[in-house]
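So this block is query_29.tsv, TSV, C-alpha atoms:
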```tsv
chain	number	residue	atom	x	y	z
A	1	MET	CA	-9.48	-7.33	27.63
A	2	SER	CA	-11.78	-6.61	24.72
A	3	THR	CA	-10.91	-7.76	21.20
A	4	LEU	CA	-10.20	-4.18	20.13
A	5	SER	CA	-7.87	-3.69	23.11
A	6	ILE	CA	-5.95	-6.86	22.23
A	7	ILE	CA	-5.50	-5.69	18.63
A	8	LYS	CA	-4.39	-2.24	19.82
A	9	SER	CA	-1.91	-3.70	22.31
A	10	ALA	CA	-0.44	-5.98	19.63
A	11	ILE	CA	0.30	-2.92	17.50
A	12	LEU	CA	1.63	-0.70	20.29
A	13	ALA	CA	3.81	-3.41	21.85
A	14	ARG	CA	6.08	-3.38	18.77
A	15	LYS	CA	4.89	-0.32	16.86
A	16	GLY	CA	8.27	0.07	15.14
A	17	LEU	CA	8.02	-3.45	13.74
A	18	TRP	CA	4.38	-2.89	12.81
A	19	LEU	CA	5.29	0.26	10.87
A	20	LEU	CA	8.22	-1.49	9.18
A	21	ILE	CA	5.98	-4.35	8.01
A	22	THR	CA	3.34	-1.90	6.78
A	23	LEU	CA	5.75	0.20	4.71
A	24	GLY	CA	7.68	-2.87	3.59
A	25	PHE	CA	4.47	-4.43	2.30
A	26	VAL	CA	3.64	-1.30	0.27
A	27	ALA	CA	7.16	-1.16	-1.20
A	28	ALA	CA	7.11	-4.89	-2.00
A	29	TYR	CA	3.66	-4.56	-3.60
A	30	TYR	CA	4.67	-1.91	-6.13
A	31	ALA	CA	8.07	-3.51	-6.74
A	32	GLY	CA	6.24	-6.77	-7.37
A	33	LEU	CA	3.98	-5.11	-9.94
A	34	VAL	CA	6.97	-3.78	-11.86
A	35	LEU	CA	8.81	-7.10	-11.61
A	36	SER	CA	5.79	-9.07	-12.82
A	37	VAL	CA	5.47	-6.89	-15.94
A	38	VAL	CA	9.21	-7.10	-16.63
A	39	ILE	CA	8.98	-10.90	-16.48
A	40	ARG	CA	5.82	-10.90	-18.60
A	41	PHE	CA	7.19	-8.72	-21.44
A	42	GLY	CA	10.95	-9.11	-21.02
A	43	ASN	CA	11.68	-5.36	-21.06
A	44	LEU	CA	13.23	-3.40	-18.24
A	45	PRO	CA	11.60	-0.03	-17.50
A	46	ASN	CA	13.44	2.78	-19.27
A	47	TYR	CA	11.61	5.85	-17.96
A	48	ALA	CA	10.10	7.21	-14.78
A	49	THR	CA	7.98	10.35	-14.55
A	50	LEU	CA	7.06	12.18	-11.36
A	51	HIS	CA	3.90	14.17	-12.06
A	52	ASN	CA	3.08	17.51	-10.43
A	53	TYR	CA	0.15	16.04	-8.52
A	54	VAL	CA	-0.79	19.11	-6.48
A	55	HIS	CA	-0.72	21.42	-9.52
A	56	ASN	CA	-2.81	18.97	-11.54
A	57	ILE	CA	-5.42	18.75	-8.76
A	58	VAL	CA	-5.66	22.54	-8.63
A	59	VAL	CA	-6.17	22.65	-12.42
A	60	ILE	CA	-8.89	19.99	-12.20
A	61	VAL	CA	-10.71	21.89	-9.45
A	62	ARG	CA	-10.54	25.18	-11.34
A	63	SER	CA	-11.60	23.76	-14.69
A	64	THR	CA	-14.34	21.33	-13.60
A	65	PRO	CA	-17.52	23.07	-12.43
A	66	SER	CA	-19.31	19.90	-11.32
A	67	ILE	CA	-18.12	18.19	-8.14
A	68	ARG	CA	-19.70	14.98	-9.39
A	69	ASP	CA	-17.36	15.08	-12.40
A	70	MET	CA	-14.43	16.48	-10.45
A	71	LEU	CA	-14.03	13.70	-7.88
A	72	PRO	CA	-13.59	10.76	-10.31
A	73	ILE	CA	-10.98	12.75	-12.25
A	74	ILE	CA	-9.07	13.58	-9.06
A	75	LEU	CA	-9.19	9.96	-7.89
A	76	ASP	CA	-7.58	8.86	-11.18
A	77	GLU	CA	-4.78	11.45	-11.12
A	78	TRP	CA	-1.24	10.03	-11.31
A	79	LEU	CA	1.65	10.75	-8.97
A	80	LEU	CA	4.42	8.51	-10.37
A	81	GLU	CA	4.72	6.53	-13.59
A	82	VAL	CA	7.33	3.87	-14.37
A	83	GLY	CA	7.29	2.06	-17.68
A	84	TYR	CA	8.87	1.02	-20.96
A	85	ILE	CA	8.98	3.17	-24.11
A	86	ASN	CA	9.50	1.48	-27.49
A	87	HIS	CA	11.54	3.90	-29.63
A	88	ASP	CA	10.88	2.02	-32.88
A	89	TYR	CA	7.90	4.31	-33.56
A	90	GLY	CA	8.97	7.94	-34.12
A	91	HIS	CA	9.47	9.60	-30.75
A	92	GLY	CA	8.53	6.34	-29.06
A	93	ILE	CA	5.40	4.91	-27.56
A	94	SER	CA	4.84	3.70	-24.00
A	95	GLU	CA	4.06	-0.01	-24.32
A	96	TRP	CA	3.39	-0.52	-20.63
A	97	SER	CA	3.61	1.37	-17.37
A	98	VAL	CA	2.92	0.98	-13.68
A	99	GLU	CA	1.41	3.98	-11.93
A	100	ILE	CA	1.19	5.14	-8.34
A	101	ILE	CA	-2.20	6.81	-7.97
A	102	PRO	CA	-2.71	8.33	-4.49
A	103	SER	CA	-6.31	7.11	-4.14
A	104	LYS	CA	-5.14	3.54	-4.76
A	105	PHE	CA	-1.92	4.06	-2.80
A	106	PHE	CA	-3.86	4.72	0.40
A	107	ILE	CA	-5.87	1.54	-0.15
A	108	VAL	CA	-2.62	-0.40	-0.46
A	109	LEU	CA	-1.31	1.37	2.65
A	110	ALA	CA	-4.43	0.34	4.58
A	111	LEU	CA	-3.95	-3.19	3.27
A	112	GLY	CA	-0.35	-3.19	4.48
A	113	ALA	CA	-1.45	-1.95	7.92
A	114	LEU	CA	-3.99	-4.77	8.27
A	115	VAL	CA	-1.50	-7.38	7.12
A	116	ALA	CA	1.03	-6.03	9.64
A	117	THR	CA	-1.61	-6.14	12.39
A	118	ASN	CA	-2.47	-9.75	11.63
A	119	ILE	CA	1.20	-10.71	11.58
A	120	ARG	CA	1.65	-9.12	15.00
A	121	LEU	CA	-1.39	-11.03	16.29
A	122	LEU	CA	0.04	-14.25	14.88
A	123	MET	CA	3.33	-13.58	16.64
A	124	ARG	CA	1.53	-13.19	19.97
A	125	LEU	CA	-0.44	-16.41	19.80
A	126	PRO	CA	0.54	-18.66	22.72
A	127	ARG	CA	1.76	-22.20	22.10
A	128	SER	CA	-1.33	-23.51	23.82
A	129	CYS	CA	-3.58	-21.86	21.21
A	130	PRO	CA	-5.21	-24.38	18.81
A	131	ARG	CA	-3.36	-24.53	15.50
A	132	ALA	CA	-6.66	-24.13	13.68
A	133	ILE	CA	-6.89	-20.50	14.82
A	134	GLY	CA	-3.43	-19.60	13.57
A	135	CYS	CA	-3.82	-21.47	10.27
A	136	SER	CA	-7.30	-20.06	9.63
A	137	GLY	CA	-6.15	-16.53	10.46
A	138	LEU	CA	-3.14	-16.85	8.17
A	139	ALA	CA	-5.25	-18.25	5.31
A	140	ALA	CA	-7.87	-15.51	5.71
A	141	THR	CA	-5.16	-12.85	5.75
A	142	GLY	CA	-3.71	-14.23	2.52
A	143	LEU	CA	-7.12	-14.38	0.84
A	144	GLY	CA	-8.10	-10.86	1.89
A	145	ALA	CA	-4.73	-9.44	0.83
A	146	THR	CA	-5.06	-11.16	-2.56
A	147	LEU	CA	-8.53	-9.74	-3.20
A	148	VAL	CA	-7.58	-6.19	-2.25
A	149	GLY	CA	-4.18	-6.44	-3.91
A	150	PHE	CA	-5.58	-7.49	-7.29
A	151	THR	CA	-8.23	-4.76	-7.31
A	152	SER	CA	-5.64	-2.10	-6.41
A	153	ILE	CA	-3.41	-2.77	-9.43
A	154	THR	CA	-2.70	0.35	-11.50
A	155	MET	CA	-1.15	-0.59	-14.84
A	156	MET	CA	-1.49	0.63	-18.42
A	157	TRP	CA	-0.91	-1.42	-21.58
A	158	VAL	CA	-0.99	-0.02	-25.09
A	159	VAL	CA	-2.83	-3.13	-26.33
A	160	CYS	CA	-5.82	-2.37	-24.10
A	161	CYS	CA	-5.83	1.35	-24.95
A	162	ALA	CA	-7.38	2.13	-21.57
A	163	ALA	CA	-6.66	4.11	-18.44
A	164	PRO	CA	-4.71	2.34	-15.70
A	165	SER	CA	-6.93	-0.12	-13.86
A	166	TRP	CA	-6.85	-3.47	-12.15
A	167	ALA	CA	-8.60	-5.03	-15.17
A	168	VAL	CA	-5.76	-3.89	-17.43
A	169	GLY	CA	-3.34	-5.29	-14.87
A	170	LEU	CA	-5.03	-8.68	-14.93
A	171	ALA	CA	-4.89	-8.69	-18.74
A	172	MET	CA	-1.18	-7.83	-18.62
A	173	LEU	CA	-0.58	-10.70	-16.20
A	174	GLY	CA	-2.14	-13.23	-18.56
A	175	VAL	CA	-5.89	-13.18	-17.84
A	176	GLY	CA	-8.06	-12.97	-20.97
A	177	VAL	CA	-8.93	-9.38	-21.89
A	178	SER	CA	-12.67	-10.07	-22.08
A	179	THR	CA	-12.59	-11.89	-18.73
A	180	ALA	CA	-10.56	-9.13	-17.06
A	181	PHE	CA	-12.84	-6.34	-18.25
A	182	GLY	CA	-15.90	-8.44	-17.43
A	183	LEU	CA	-14.74	-8.48	-13.79
A	184	GLN	CA	-14.01	-4.74	-13.68
A	185	PRO	CA	-17.53	-3.61	-12.58
A	186	PHE	CA	-17.19	-5.79	-9.46
A	187	GLY	CA	-13.92	-4.19	-8.34
A	188	ALA	CA	-15.39	-2.20	-5.44
A	189	SER	CA	-17.30	-5.22	-4.15
A	190	ILE	CA	-14.20	-7.42	-4.33
A	191	THR	CA	-12.15	-4.80	-2.49
A	192	LEU	CA	-14.77	-4.52	0.24
A	193	ALA	CA	-14.94	-8.31	0.56
A	194	GLY	CA	-11.16	-8.44	0.89
A	195	PHE	CA	-11.12	-5.91	3.71
A	196	LEU	CA	-13.95	-7.73	5.51
A	197	VAL	CA	-11.97	-10.97	5.33
A	198	LEU	CA	-8.90	-9.19	6.72
A	199	PHE	CA	-10.88	-7.69	9.60
A	200	GLY	CA	-12.39	-11.12	10.24
A	201	ALA	CA	-8.91	-12.63	10.38
A	202	ALA	CA	-7.81	-9.99	12.88
A	203	TRP	CA	-10.84	-10.71	15.08
A	204	LEU	CA	-10.18	-14.46	14.91
A	205	LEU	CA	-6.50	-14.10	15.80
A	206	ALA	CA	-7.36	-11.75	18.66
A	207	GLN	CA	-9.61	-14.44	20.14
A	208	GLY	CA	-6.60	-16.71	20.52
A	209	ALA	CA	-4.36	-14.07	22.09
A	210	PRO	CA	-3.71	-14.19	25.85
A	211	ARG	CA	-6.13	-11.99	27.79
A	212	ALA	CA	-5.59	-10.11	31.01
A	213	SER	CA	-8.41	-10.53	33.48
A	214	GLY	CA	-8.55	-6.86	34.36
A	215	HIS	CA	-8.63	-7.67	38.09
A	216	SER	CA	-5.62	-7.27	40.33
A	217	VAL	CA	-4.14	-10.42	41.68
A	218	VAL	CA	-4.78	-10.78	45.42
A	219	LEU	CA	-2.01	-12.53	47.29
A	220	PRO	CA	-2.90	-14.54	50.39
A	221	PRO	CA	-1.92	-12.76	53.61
A	222	ARG	CA	1.40	-13.81	55.02
A	223	LEU	CA	1.05	-15.32	58.51
A	224	ALA	CA	3.01	-13.62	61.21
A	225	GLU	CA	5.84	-15.67	62.64
A	226	HIS	CA	5.64	-16.54	66.33
A	227	ASN	CA	8.63	-17.01	68.47
A	228	ALA	CA	8.72	-20.32	70.22
```
Please, can you express the file's structure as structure tokens?
Amino acid sequence: MSTLSIIKSAILARKGLWLLITLGFVAAYYAGLVLSVVIRFGNLPNYATLHNYVHNIVVIVRSTPSIRDMLPIILDEWLLEVGYINHDYGHGISEWSVEIIPSKFFIVLALGALVATNIRLLMRLPRSCPRAIGCSGLAATGLGATLVGFTSITMMWVVCCAAPSWAVGLAMLGVGVSTAFGLQPFGASITLAGFLVLFGAAWLLAQGAPRASGHSVVLPPRLAEHNA
């Protein structure tokens, strides 16, 4: 079997489990973002806003004549916002929020699918497979998921006075503001590197999976019994 066939069979053999891990990863990712900010600032979220995403996209398309300007605006459009409003200032001000932005959501979904695929490949490794393959695949999966996960953060903090981005998220999690925004231009490269590491981990784990020869097994002919 080819490497691609082994990966495909690992998914299809337990596709329900693969889908559960994928969706569970996405849910855990966004829940983890909210939890990390709650721990960081000590305030539970007190509002959630579901934005009319389709209507907003239509408005953007109608009001933006240039496609070059239109696409970045659409990619930054929000779907869901969860955050904390401080009511000490007039009508209140949003101190922090975590957003679900569809363009980033699909990246996280792809990340979850790759993590689920690598977990399935790990589960199918035979006991005779060298431990180095399993450990290396697991480490590469963790590294790739970390790189893509960090660059897919969508948070907003009033201190940074900026649109939701992974740099703002890093600053909210304790990284220096200047350092976080210094890394921001390299976000796409880091994301790409993370996905390449994940694909590399999948390829490595597939090498250790049991392979079918593709040839039918030929049994030796059974000798006819002779009566004495």
Taking 6 positions as the minimum chain separation for residues in the same chain, which residues sit within 10 Å of Tyr30 in chain A when counting only C-alpha atoms? Answer as a short mmCIF file (atom, residue, chain, number, x, y, z; two decimals) with C-alpha atoms, keeping the file's coordinate frame.
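Okay, selection_33.cif is ready:
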```cif
data_model
loop_
_atom_site.label_atom_id
_atom_site.label_comp_id
_atom_site.auth_asym_id
_atom_site.auth_seq_id
_atom_site.Cartn_x
_atom_site.Cartn_y
_atom_site.Cartn_z
CA SER A 36 5.79 -9.07 -12.82
CA VAL A 98 2.92 0.98 -13.68
CA GLU A 99 1.41 3.98 -11.93
CA ILE A 100 1.19 5.14 -8.34
CA PHE A 105 -1.92 4.06 -2.80
CA VAL A 108 -2.62 -0.40 -0.46
CA ILE A 153 -3.41 -2.77 -9.43
CA THR A 154 -2.70 0.35 -11.50
#
```
Neighbouring residues of Gly83 in chain A were defined as those with any atom within 10 Å, considering all atoms listed in the file; residues of the same chain fewer than 5 positions away were excluded. Please report them as a ChimeraX atom specification. /A:34,37-38,43-49,94-99,155-157
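Note that the spacing between CA of Ala113 in chain A and CA of Thr22 in chain A amounts to 4.9 Å.
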Would you pick out the contacts of Gln207 in chain A at 10 Å or less, using all atoms listed in the file, so that residues sharing its chain but fewer than 5 positions from it are not included, and give the list as a ChimeraX atom specification? /A:2-3,6-7,121,125,129,133,201-202
Same residues, C-alpha atoms, output as a PDB file, in the frame of the given file:
```
ATOM      1  CA  SER A   2     -11.780  -6.610  24.720  1.00  0.00           C
ATOM      2  CA  THR A   3     -10.910  -7.760  21.200  1.00  0.00           C
ATOM      3  CA  ILE A   6      -5.950  -6.860  22.230  1.00  0.00           C
ATOM      4  CA  ILE A   7      -5.500  -5.690  18.630  1.00  0.00           C
ATOM      5  CA  LEU A 121      -1.390 -11.030  16.290  1.00  0.00           C
ATOM      6  CA  LEU A 125      -0.440 -16.410  19.800  1.00  0.00           C
ATOM      7  CA  CYS A 129      -3.580 -21.860  21.210  1.00  0.00           C
ATOM      8  CA  ILE A 133      -6.890 -20.500  14.820  1.00  0.00           C
ATOM      9  CA  ALA A 201      -8.910 -12.630  10.380  1.00  0.00           C
ATOM     10  CA  ALA A 202      -7.810  -9.990  12.880  1.00  0.00           C
TER      11      ALA A 202
END
```
If I take CA of Thr191 in chain A and CA of Val148 in chain A, how far is one from the other in Å, to one decimal? 4.8 Å
Straight-line distance linking CA of Pro164 in chain A with CA of Leu111 in chain A, stated in Å to one decimal: 19.8 Å
From the options A:Leu50, A:Ala140, A:Cys161, A:Leu114, which residue's atoms come nearest to Leu23 in chain A, counting all atoms listed in the file? A:Leu114
Who sits within 9 Å of Val177 in chain A, all atoms listed in the file, same chain under 5 positions skipped, as a PyMOL selection string: chain A and resi 160+167-168+170-172+182
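Proximity to Thr146 in chain A was assessed for A:Ala193, A:Val54, A:Ile67, A:Val159 counting all atoms listed in the file; the smallest distance is recorded for A:Ala193.
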Up to 12 Å from (-5.0, -19.6, 9.7) in the file's coordinates: name the residues, counting all atoms listed in the file, as a short mmCIF file (atom, residue, chain, number, x, y, z; two decimals) with C-alpha atoms, in the coordinates of the input.
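Result written to selection-v1.cif:
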```
data_model
loop_
_atom_site.label_atom_id
_atom_site.label_comp_id
_atom_site.auth_asym_id
_atom_site.auth_seq_id
_atom_site.Cartn_x
_atom_site.Cartn_y
_atom_site.Cartn_z
CA ASN A 118 -2.47 -9.75 11.63
CA ILE A 119 1.20 -10.71 11.58
CA LEU A 121 -1.39 -11.03 16.29
CA LEU A 122 0.04 -14.25 14.88
CA LEU A 125 -0.44 -16.41 19.80
CA CYS A 129 -3.58 -21.86 21.21
CA PRO A 130 -5.21 -24.38 18.81
CA ARG A 131 -3.36 -24.53 15.50
CA ALA A 132 -6.66 -24.13 13.68
CA ILE A 133 -6.89 -20.50 14.82
CA GLY A 134 -3.43 -19.60 13.57
CA CYS A 135 -3.82 -21.47 10.27
CA SER A 136 -7.30 -20.06 9.63
CA GLY A 137 -6.15 -16.53 10.46
CA LEU A 138 -3.14 -16.85 8.17
CA ALA A 139 -5.25 -18.25 5.31
CA ALA A 140 -7.87 -15.51 5.71
CA THR A 141 -5.16 -12.85 5.75
CA GLY A 142 -3.71 -14.23 2.52
CA LEU A 143 -7.12 -14.38 0.84
CA VAL A 197 -11.97 -10.97 5.33
CA LEU A 198 -8.90 -9.19 6.72
CA GLY A 200 -12.39 -11.12 10.24
CA ALA A 201 -8.91 -12.63 10.38
CA ALA A 202 -7.81 -9.99 12.88
CA TRP A 203 -10.84 -10.71 15.08
CA LEU A 204 -10.18 -14.46 14.91
CA LEU A 205 -6.50 -14.10 15.80
CA GLY A 208 -6.60 -16.71 20.52
#
```
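Using all atoms listed in the file, the smallest distance between any of A:Ala28, A:Val158, A:Ile60, A:Leu35 and Ile85 in chain A comes from A:Val158.
Each of A:Leu79, A:Leu147, A:Val115, A:Ala206 was compared to Phe186 in chain A using only C-alpha atoms, and A:Leu147 turns out to be the nearest.
Comparing A:Phe106, A:Phe150, A:Tyr84, A:Phe199 by their smallest distance to Ala180 in chain A, the closest is A:Phe150 (using only C-alpha atoms).
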Could you write out as lines of an AutoDock Vina configuration file the box around range 132-139 of chain A (axis-aligned, all atoms listed in the file, 5 Å on each side), with centre and edge lengths in Å to one decimal?
```
center_x = -5.2
center_y = -20.3
center_z = 10.1
size_x = 14.2
size_y = 17.6
size_z = 19.5
```
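Nearest to Leu20 in chain A of all the residues A:Pro185, A:Gly149, A:Gly112, A:Pro102 is A:Gly112, based on only C-alpha atoms.
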